[in-house]
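Asker: Sharing target17.tsv, TSV, C-alpha atoms and all ligand atoms:
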```
chain	number	residue	atom	x	y	z
A	1	MET	CA	14.14	-22.81	17.85
A	2	THR	CA	17.28	-21.59	19.56
A	3	ALA	CA	17.53	-18.23	21.33
A	4	MET	CA	17.75	-15.13	19.20
A	5	ASP	CA	19.11	-11.68	20.00
A	6	MET	CA	16.43	-9.06	20.56
A	7	VAL	CA	17.35	-5.37	20.56
A	8	GLN	CA	14.58	-3.16	21.91
A	9	PRO	CA	15.21	0.57	21.40
A	10	SER	CA	12.84	2.97	23.12
A	11	THR	CA	13.58	6.00	20.93
A	12	TRP	CA	13.85	6.50	17.17
A	13	ALA	CA	17.46	7.72	17.58
A	14	GLU	CA	18.35	4.46	19.35
A	15	ALA	CA	16.59	2.47	16.63
A	16	LEU	CA	18.61	4.18	13.90
A	17	ALA	CA	21.84	3.68	15.85
A	18	ALA	CA	21.07	-0.03	16.34
A	19	ARG	CA	20.21	-0.39	12.65
A	20	ALA	CA	23.54	1.17	11.65
A	21	GLU	CA	25.53	-0.90	14.12
A	22	GLN	CA	23.82	-4.25	13.44
A	23	PRO	CA	22.25	-4.26	9.96
A	24	ASP	CA	21.82	-8.04	10.20
A	25	LEU	CA	19.09	-7.60	12.84
A	26	LEU	CA	15.66	-7.94	11.23
A	27	PRO	CA	13.32	-5.05	12.10
A	28	ILE	CA	10.02	-6.23	13.56
A	29	ALA	CA	6.86	-4.13	13.93
A	30	GLY	CA	3.61	-6.11	14.24
A	31	GLY	CA	5.47	-9.32	13.47
A	32	THR	CA	2.60	-10.68	11.36
A	33	ASP	CA	4.99	-11.42	8.49
A	34	VAL	CA	8.24	-11.77	10.43
A	35	MET	CA	6.99	-14.35	12.93
A	36	VAL	CA	5.37	-16.46	10.21
A	37	ASP	CA	8.64	-16.47	8.26
A	38	ILE	CA	10.63	-17.43	11.36
A	39	ASN	CA	8.15	-20.14	12.39
A	40	PHE	CA	8.29	-21.68	8.92
A	41	ALA	CA	12.11	-21.32	8.86
A	42	ARG	CA	11.95	-19.14	5.75
A	43	THR	CA	14.32	-16.76	7.45
A	44	ARG	CA	16.80	-17.14	10.27
A	45	PRO	CA	17.90	-13.61	11.21
A	46	ALA	CA	20.84	-13.00	13.53
A	47	GLY	CA	18.34	-11.26	15.78
A	48	LEU	CA	15.40	-8.90	15.86
A	49	LEU	CA	15.23	-5.12	16.10
A	50	ASP	CA	11.93	-4.57	17.89
A	51	LEU	CA	10.36	-1.23	16.92
A	52	THR	CA	7.21	-1.59	19.02
A	53	ARG	CA	8.58	0.41	21.97
A	54	VAL	CA	9.39	3.49	19.88
A	55	ASP	CA	6.54	5.88	20.68
A	56	GLU	CA	7.60	8.46	18.05
A	57	ILE	CA	6.43	6.25	15.19
A	58	GLY	CA	3.10	5.22	16.67
A	59	SER	CA	1.03	8.22	15.58
A	60	TRP	CA	-0.10	10.16	12.51
A	61	SER	CA	-0.39	13.87	11.69
A	62	VAL	CA	-1.47	16.15	8.86
A	63	GLU	CA	0.74	18.99	7.71
A	64	GLY	CA	0.44	21.12	4.59
A	65	GLY	CA	-2.21	18.87	3.08
A	66	VAL	CA	-0.16	15.71	3.57
A	67	LEU	CA	-1.01	12.88	5.94
A	68	ARG	CA	2.08	11.42	7.65
A	69	ILE	CA	1.46	7.90	8.94
A	70	GLY	CA	4.10	6.79	11.44
A	71	ALA	CA	5.72	3.42	10.83
A	72	GLY	CA	4.10	1.93	13.93
A	73	VAL	CA	0.54	2.79	12.87
A	74	THR	CA	-1.58	-0.34	12.53
A	75	TYR	CA	-4.41	-1.15	10.13
A	76	ALA	CA	-6.79	-0.87	13.10
A	77	GLN	CA	-5.63	2.72	13.66
A	78	VAL	CA	-6.08	3.49	9.96
A	79	LEU	CA	-9.64	2.19	10.25
A	80	SER	CA	-10.45	4.09	13.43
A	81	ASP	CA	-8.78	7.40	12.53
A	82	LEU	CA	-8.02	7.78	8.82
A	83	VAL	CA	-11.11	6.75	6.86
A	84	GLY	CA	-11.77	10.37	5.86
A	85	LEU	CA	-8.15	11.33	5.16
A	86	ALA	CA	-7.00	8.21	3.31
A	87	PRO	CA	-10.18	6.46	2.15
A	88	GLY	CA	-8.47	4.12	-0.33
A	89	LEU	CA	-5.96	2.93	2.24
A	90	ALA	CA	-8.79	2.46	4.75
A	91	MET	CA	-10.76	0.34	2.28
A	92	ALA	CA	-7.70	-1.82	1.70
A	93	SER	CA	-6.97	-2.04	5.45
A	94	ARG	CA	-10.47	-3.38	6.03
A	95	THR	CA	-9.66	-6.37	3.82
A	96	VAL	CA	-6.37	-7.26	5.56
A	97	GLY	CA	-6.41	-10.55	7.49
A	98	SER	CA	-8.56	-10.70	10.61
A	99	PRO	CA	-9.08	-8.27	13.54
A	100	GLN	CA	-6.02	-9.80	15.25
A	101	ILE	CA	-3.83	-9.14	12.20
A	102	ARG	CA	-5.23	-5.62	11.78
A	103	ASN	CA	-4.53	-4.87	15.45
A	104	ARG	CA	-0.85	-5.78	15.12
A	105	GLY	CA	0.03	-5.38	11.42
A	106	THR	CA	1.30	-2.04	10.16
A	107	VAL	CA	1.21	-0.29	6.79
A	108	SER	CA	4.99	0.11	7.00
A	109	GLY	CA	5.42	-3.60	7.68
A	110	ASN	CA	3.48	-4.22	4.46
A	111	LEU	CA	5.99	-1.96	2.68
A	112	GLY	CA	8.87	-3.72	4.43
A	113	SER	CA	7.69	-7.08	3.12
A	114	ALA	CA	6.99	-5.55	-0.31
A	115	SER	CA	4.86	-8.50	-1.38
A	116	PRO	CA	3.29	-8.05	-4.84
A	117	ALA	CA	0.02	-8.93	-3.07
A	118	GLY	CA	0.35	-6.46	-0.16
A	119	ASP	CA	-3.01	-4.74	0.17
A	120	ALA	CA	-1.71	-1.34	1.27
A	121	HIS	CA	0.39	-0.90	-1.85
A	122	PRO	CA	-2.22	-0.21	-4.58
A	123	PRO	CA	-3.94	2.61	-2.65
A	124	LEU	CA	-0.56	4.16	-1.77
A	125	LEU	CA	0.42	4.09	-5.45
A	126	ALA	CA	-2.91	5.56	-6.51
A	127	ALA	CA	-2.73	8.32	-3.91
A	128	GLY	CA	0.79	9.32	-4.98
A	129	ALA	CA	2.27	8.43	-1.58
A	130	THR	CA	5.94	8.67	-0.65
A	131	VAL	CA	7.86	6.58	1.85
A	132	GLU	CA	9.97	8.45	4.40
A	133	VAL	CA	13.08	6.39	5.10
A	134	GLU	CA	15.85	7.30	7.50
A	135	SER	CA	19.29	6.21	8.64
A	136	LEU	CA	22.06	7.87	10.61
A	137	ARG	CA	23.16	9.26	7.22
A	138	GLY	CA	19.94	11.22	6.85
A	139	ARG	CA	16.36	11.12	5.66
A	140	ARG	CA	14.99	10.66	2.16
A	141	LEU	CA	11.58	10.44	0.53
A	142	VAL	CA	11.00	7.63	-1.97
A	143	ALA	CA	7.94	7.72	-4.23
A	144	ALA	CA	5.82	4.61	-3.67
A	145	SER	CA	6.18	3.94	-7.41
A	146	ASP	CA	9.98	3.71	-6.95
A	147	PHE	CA	9.89	1.82	-3.66
A	148	PHE	CA	9.16	-1.69	-4.97
A	149	THR	CA	12.23	-2.99	-6.76
A	150	GLY	CA	11.41	-6.69	-7.28
A	151	VAL	CA	9.43	-9.58	-5.83
A	152	LYS	CA	9.49	-8.90	-2.07
A	153	ARG	CA	12.30	-6.39	-2.55
A	154	ASN	CA	12.26	-2.70	-1.77
A	155	ALA	CA	14.47	0.37	-2.02
A	156	LEU	CA	15.68	0.32	1.61
A	157	GLU	CA	19.43	0.32	2.19
A	158	PRO	CA	20.70	-2.07	4.90
A	159	ASP	CA	21.09	0.75	7.44
A	160	GLU	CA	17.71	2.36	6.74
A	161	LEU	CA	14.33	2.11	8.44
A	162	ILE	CA	10.92	3.26	7.30
A	163	ARG	CA	9.96	6.20	9.47
A	164	ALA	CA	6.57	7.07	7.96
A	165	VAL	CA	4.40	7.08	4.85
A	166	HIS	CA	3.25	10.40	3.40
A	167	VAL	CA	-0.15	10.43	1.69
A	168	PRO	CA	-1.44	13.60	-0.03
A	169	VAL	CA	-4.92	14.50	1.23
A	170	THR	CA	-6.87	15.50	-1.87
A	171	GLY	CA	-10.50	15.15	-0.81
A	172	GLY	CA	-11.07	13.29	-4.08
A	173	PRO	CA	-12.95	9.97	-4.08
A	174	GLN	CA	-10.84	6.82	-3.80
A	175	GLN	CA	-11.65	3.15	-4.28
A	176	PHE	CA	-10.03	-0.22	-3.64
A	177	ALA	CA	-11.25	-3.62	-4.78
A	178	LYS	CA	-9.72	-7.02	-4.23
A	179	ILE	CA	-10.48	-10.47	-5.56
A	180	GLY	CA	-9.61	-13.51	-3.49
A	181	THR	CA	-10.63	-17.10	-3.28
A	182	ARG	CA	-12.99	-16.22	-0.40
A	183	ASN	CA	-14.11	-13.03	1.35
A	184	ALA	CA	-11.91	-12.86	4.44
A	185	MET	CA	-8.37	-13.83	5.50
A	186	VAL	CA	-7.26	-14.10	1.93
A	187	ILE	CA	-4.27	-13.11	-0.16
A	188	ALA	CA	-5.38	-11.09	-3.18
A	189	VAL	CA	-5.59	-12.91	-6.50
A	190	ALA	CA	-5.73	-9.44	-8.00
A	191	SER	CA	-6.43	-6.01	-6.56
A	192	PHE	CA	-6.83	-2.50	-7.86
A	193	ALA	CA	-6.95	0.97	-6.34
A	194	LEU	CA	-7.99	4.23	-7.93
A	195	ALA	CA	-7.80	7.81	-6.65
A	196	LEU	CA	-9.28	10.89	-8.26
A	197	HIS	CA	-7.13	14.01	-7.85
A	198	PRO	CA	-9.62	16.70	-8.90
A	199	ALA	CA	-7.32	19.69	-8.28
A	200	ALA	CA	-4.63	18.18	-10.50
A	201	ARG	CA	-7.21	16.85	-13.00
A	202	ARG	CA	-5.52	13.48	-12.65
A	203	VAL	CA	-6.40	9.89	-11.77
A	204	GLY	CA	-3.98	7.66	-9.86
A	205	THR	CA	-3.96	3.88	-10.15
A	206	GLY	CA	-2.40	0.95	-8.32
A	207	ILE	CA	-2.32	-2.70	-9.38
A	208	GLY	CA	-1.76	-5.49	-6.86
A	209	SER	CA	-0.97	-9.20	-7.20
A	210	ALA	CA	-0.66	-9.08	-10.97
A	211	ALA	CA	3.02	-8.26	-11.61
A	212	PRO	CA	6.36	-8.90	-9.86
A	213	THR	CA	5.78	-5.67	-7.94
A	214	PRO	CA	2.78	-3.51	-7.19
A	215	ARG	CA	2.64	-0.97	-10.03
A	216	ARG	CA	0.68	1.86	-11.59
A	217	ALA	CA	-1.04	1.78	-14.97
A	218	PRO	CA	0.35	4.98	-16.57
A	219	ALA	CA	-1.37	4.69	-19.97
A	220	ALA	CA	-4.73	4.18	-18.25
A	221	GLU	CA	-4.07	7.24	-16.08
A	222	GLU	CA	-3.25	9.33	-19.16
A	223	LEU	CA	-6.42	8.25	-20.92
A	224	LEU	CA	-8.55	9.53	-18.06
A	225	ALA	CA	-6.60	12.77	-17.65
A	226	ASP	CA	-7.63	13.55	-21.24
A	227	GLU	CA	-11.14	12.14	-21.26
A	228	LEU	CA	-12.81	13.03	-17.95
A	229	ASP	CA	-15.02	16.09	-17.78
A	230	TRP	CA	-13.72	17.42	-14.47
A	231	ASP	CA	-15.59	20.75	-14.58
A	232	ASP	CA	-19.07	19.69	-15.61
A	233	ARG	CA	-18.78	16.24	-14.06
A	234	ALA	CA	-20.59	14.72	-17.02
A	235	PRO	CA	-21.44	11.00	-16.82
A	236	LEU	CA	-18.68	8.65	-17.92
A	237	ASP	CA	-18.51	7.64	-21.55
A	238	ARG	CA	-18.89	3.84	-21.60
A	239	SER	CA	-16.28	3.41	-24.31
A	240	VAL	CA	-13.77	5.32	-22.15
A	241	VAL	CA	-14.56	3.12	-19.16
A	242	ARG	CA	-14.06	0.00	-21.27
A	243	ARG	CA	-10.79	1.32	-22.70
A	244	PHE	CA	-9.61	2.19	-19.17
A	245	GLY	CA	-10.18	-1.42	-18.11
A	246	GLU	CA	-8.25	-2.69	-21.11
A	247	LEU	CA	-5.31	-0.38	-20.42
A	248	VAL	CA	-5.18	-1.41	-16.75
A	249	ALA	CA	-5.19	-5.08	-17.75
A	250	ALA	CA	-2.45	-4.38	-20.30
A	251	ALA	CA	-0.29	-2.73	-17.64
A	252	ALA	CA	-0.24	-5.91	-15.58
A	253	ASP	CA	2.32	-8.68	-15.96
A	254	PRO	CA	0.67	-11.55	-14.11
A	255	ILE	CA	1.75	-15.14	-13.60
A	256	ASP	CA	-0.16	-18.42	-13.40
A	257	ASP	CA	-0.06	-19.73	-9.84
A	258	VAL	CA	-2.13	-21.70	-7.35
A	259	ARG	CA	-4.39	-18.71	-6.70
A	260	GLY	CA	-5.27	-17.94	-10.32
A	261	SER	CA	-4.13	-17.95	-13.92
A	262	ALA	CA	-2.52	-14.98	-15.62
A	263	ALA	CA	-5.49	-14.73	-18.01
A	264	TYR	CA	-7.95	-14.67	-15.12
A	265	ARG	CA	-5.94	-11.99	-13.34
A	266	ARG	CA	-5.94	-9.76	-16.41
A	267	HIS	CA	-9.67	-10.23	-16.90
A	268	ALA	CA	-10.33	-9.57	-13.20
A	269	LEU	CA	-8.25	-6.39	-13.28
A	270	ALA	CA	-10.22	-5.01	-16.20
A	271	VAL	CA	-13.43	-5.65	-14.25
A	272	LEU	CA	-12.06	-4.14	-11.02
A	273	ALA	CA	-10.79	-1.10	-12.92
A	274	THR	CA	-14.09	-0.37	-14.65
A	275	ARG	CA	-16.05	-0.87	-11.41
A	276	THR	CA	-13.81	1.31	-9.26
A	277	LEU	CA	-13.76	4.08	-11.87
A	278	THR	CA	-17.54	4.05	-12.08
A	279	TRP	CA	-17.92	4.15	-8.28
A	280	ALA	CA	-15.35	6.91	-7.84
A	281	TRP	CA	-16.78	9.05	-10.62
A	282	ASP	CA	-20.29	8.62	-9.23
A	283	ASP	CA	-18.94	9.80	-5.85
A	284	TYR	CA	-17.30	12.79	-7.53
A	285	ARG	CA	-20.56	13.74	-9.25
A	286	ALA	CA	-22.45	13.31	-5.98
A	287	GLN	CA	-19.95	15.59	-4.18
A	288	GLU	CA	-21.04	18.43	-6.43
A	289	ALA	CA	-24.70	17.78	-5.70
A	290	SER	CA	-24.17	17.78	-1.93
B	1	LIG	C1	-3.12	-14.67	9.02
B	1	LIG	C2	-2.52	-13.55	8.20
B	1	LIG	C3	-3.31	-12.87	7.30
B	1	LIG	C4	-2.76	-11.84	6.53
B	1	LIG	N1	-3.56	-11.19	5.64
B	1	LIG	C5	-3.04	-10.19	4.88
B	1	LIG	C6	-3.86	-9.51	3.94
B	1	LIG	O1	-5.07	-9.78	3.80
B	1	LIG	N2	-3.28	-8.54	3.18
B	1	LIG	C7	-1.97	-8.20	3.31
B	1	LIG	O2	-1.49	-7.30	2.62
B	1	LIG	N3	-1.17	-8.83	4.21
B	1	LIG	C8	-1.67	-9.81	4.98
B	1	LIG	N4	-0.86	-10.46	5.87
B	1	LIG	C9	0.55	-10.09	5.96
B	1	LIG	C10	0.89	-9.04	7.04
B	1	LIG	O3	-0.10	-8.97	8.03
B	1	LIG	C11	1.08	-7.64	6.43
B	1	LIG	O4	2.08	-7.67	5.44
B	1	LIG	C12	1.42	-6.58	7.48
B	1	LIG	O5	1.27	-5.30	6.91
B	1	LIG	C13	2.83	-6.70	8.03
B	1	LIG	O6	2.99	-5.69	9.01
B	1	LIG	P1	3.76	-5.98	10.37
B	1	LIG	O7	3.77	-4.71	11.14
B	1	LIG	O8	3.20	-7.17	11.07
B	1	LIG	O9	5.21	-6.31	9.80
B	1	LIG	P2	6.39	-7.24	10.36
B	1	LIG	O10	6.02	-8.68	10.22
B	1	LIG	O11	6.81	-6.78	11.72
B	1	LIG	O12	7.49	-6.86	9.30
B	1	LIG	C14	7.32	-7.13	7.94
B	1	LIG	C15	8.58	-6.72	7.17
B	1	LIG	O13	8.74	-5.30	7.23
B	1	LIG	C16	9.98	-4.98	7.84
B	1	LIG	N5	9.72	-3.77	8.65
B	1	LIG	C17	8.72	-3.58	9.52
B	1	LIG	N6	8.75	-2.31	9.99
B	1	LIG	C18	9.80	-1.71	9.39
B	1	LIG	C19	10.36	-0.39	9.45
B	1	LIG	N7	9.82	0.58	10.21
B	1	LIG	N8	11.44	-0.12	8.68
B	1	LIG	C20	11.97	-1.07	7.88
B	1	LIG	N9	11.49	-2.33	7.77
B	1	LIG	C21	10.42	-2.64	8.52
B	1	LIG	C22	10.38	-6.20	8.65
B	1	LIG	O14	11.79	-6.31	8.82
B	1	LIG	C23	9.86	-7.31	7.74
B	1	LIG	O15	10.76	-7.52	6.67
B	1	LIG	C24	-1.39	-11.49	6.68
B	1	LIG	C25	-0.59	-12.16	7.61
B	1	LIG	C26	-1.15	-13.20	8.37
B	1	LIG	C27	-0.28	-13.91	9.36
```
Hey, can you dump this file as structure tokens for me?
Answerer:
Amino acid sequence: MTAMDMVQPSTWAEALAARAEQPDLLPIAGGTDVMVDINFARTRPAGLLDLTRVDEIGSWSVEGGVLRIGAGVTYAQVLSDLVGLAPGLAMASRTVGSPQIRNRGTVSGNLGSASPAGDAHPPLLAAGATVEVESLRGRRLVAASDFFTGVKRNALEPDELIRAVHVPVTGGPQQFAKIGTRNAMVIAVASFALALHPAARRVGTGIGSAAPTPRRAPAAEELLADELDWDDRAPLDRSVVRRFGELVAAAADPIDDVRGSAAYRRHALAVLATRTLTWAWDDYRAQEAS
């Protein structure tokens, strides 16, 4: 490998200026995707824009009921600090790679790569998260459901960087489940996240690894908005649970590949959806009892 330019801003303002001036530099956070791509010669960027020295993006905060996760926040930080505030994202973070990957890899890097199999995406979709992106031209918020624009493509303009991810804190139960070919260090064959939003009487969903992009299952969400007994927290109707699974599977658009067939992915999603709904609703009913 020949030498490569490395620009290392120490403030967010410098990072935005560098991004505007040299949009052909590839941003790098934890490097757990970028370095693999460079090592395997899948990409040969003109240089790297190293964001790891920018302290402003390394922390999280809560304001007005919304959790703001800075772009430098790693999965390890999510697991140590955010289990209570973003339980679905924490469950997903626990399944990412190994401790080494979780210590370096960031939620925003997952969004930057925008893989259909990225584990942070389903819980962000289910929670109704938005991505805060910024350039010298200004700041904008992009709904997670609008952020993924194609296989490994996202809504970032060439001069923009991800500054943070905003996740509403609802206090409602959340779940994430992932199927892989083994239990650890595995890319999802299919994954599913679900978030109950009791105040809004709504359920959020997120499908992973079963369509060109991570996506929600809107018809399944609508079914539950109509059918769940939010006030009395009555047990789930089994036919509704089954129908929910079917609608989640129908929302997917999977492919056959080395990790699994399209038919298996659809079947797996229906199972993951019915399980996560049952777990989350049980948690919701238990919240009332406690
Ligand atoms: C062994 C191994 C196991 C893995 N296991 C999993 C797994 O189980 N689940 C999973 O989802 N992923 C997994 N990954 C992939 C990777 O760890 C994740 O995608 C991780 O979230 C990437 O974060 P990062 O900070 O390392 O990103 P980087 O590699 O630094 O960057 C990834 C992409 O995001 C862009 N980017 C980063 N930060 C910004 C920013 N602030 N603004 C704009 N663009 C930005 C970069 O330019 C690049 O395109 C694994 C990787 C390895 C090597």
Asker: If we count only C-alpha atoms, what is near Pro212 of chain A at a cut-off of 8 Å, once residues fewer than 2 positions away on the same chain are taken out, given as a list of chain:residue names?
Answerer: A:Pro116, A:Gly150, A:Val151, A:Ser209, A:Ala210, A:Pro214, A:Asp253, A:Pro254
Asker: What gap, in Å, lies between atom CA of Glu132 of chain A and atom CA of Arg68 of chain A?
Answerer: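 Separating atom CA of Glu132 of chain A from atom CA of Arg68 of chain A is a distance of 9.0 Å.
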Asker: In file coordinates, which residues lie within 6 Å of (-11.4, 15.0, -5.0) using only C-alpha atoms, given as a PyMOL selection string?
Answerer: chain A and resi 170-173+196-198
Asker: Could you list, as a PyMOL selection string, all residues that come within 8 Å of ligand LIG 1 (chain B)? Count only C-alpha atoms and all ligand atoms.
Answerer: chain A and resi 26-36+51+71-72+74-75+93+95-98+101-102+104-115+117-120+133+156+160-164+184-188
Asker: For Leu124 of chain A, list every protein, DNA or RNA residue within 12 Å, evaluated using all atoms listed in the file, and leave out those in the same chain fewer than 5 positions away; present the list as a PyMOL selection string.
Answerer: chain A and resi 67+69+86-93+107-108+110-111+118-119+129-131+143-148+165-169+174-176+192-195+204-208+214-216
Asker: Could you check which of A:Lys152, A:Arg94, A:Arg19, A:Lys178 is closest to Arg137 of chain A, using all atoms listed in the file?
Answerer: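 Looking only at the distances to Arg137 of chain A, the closest residue turns out to be A:Arg19.
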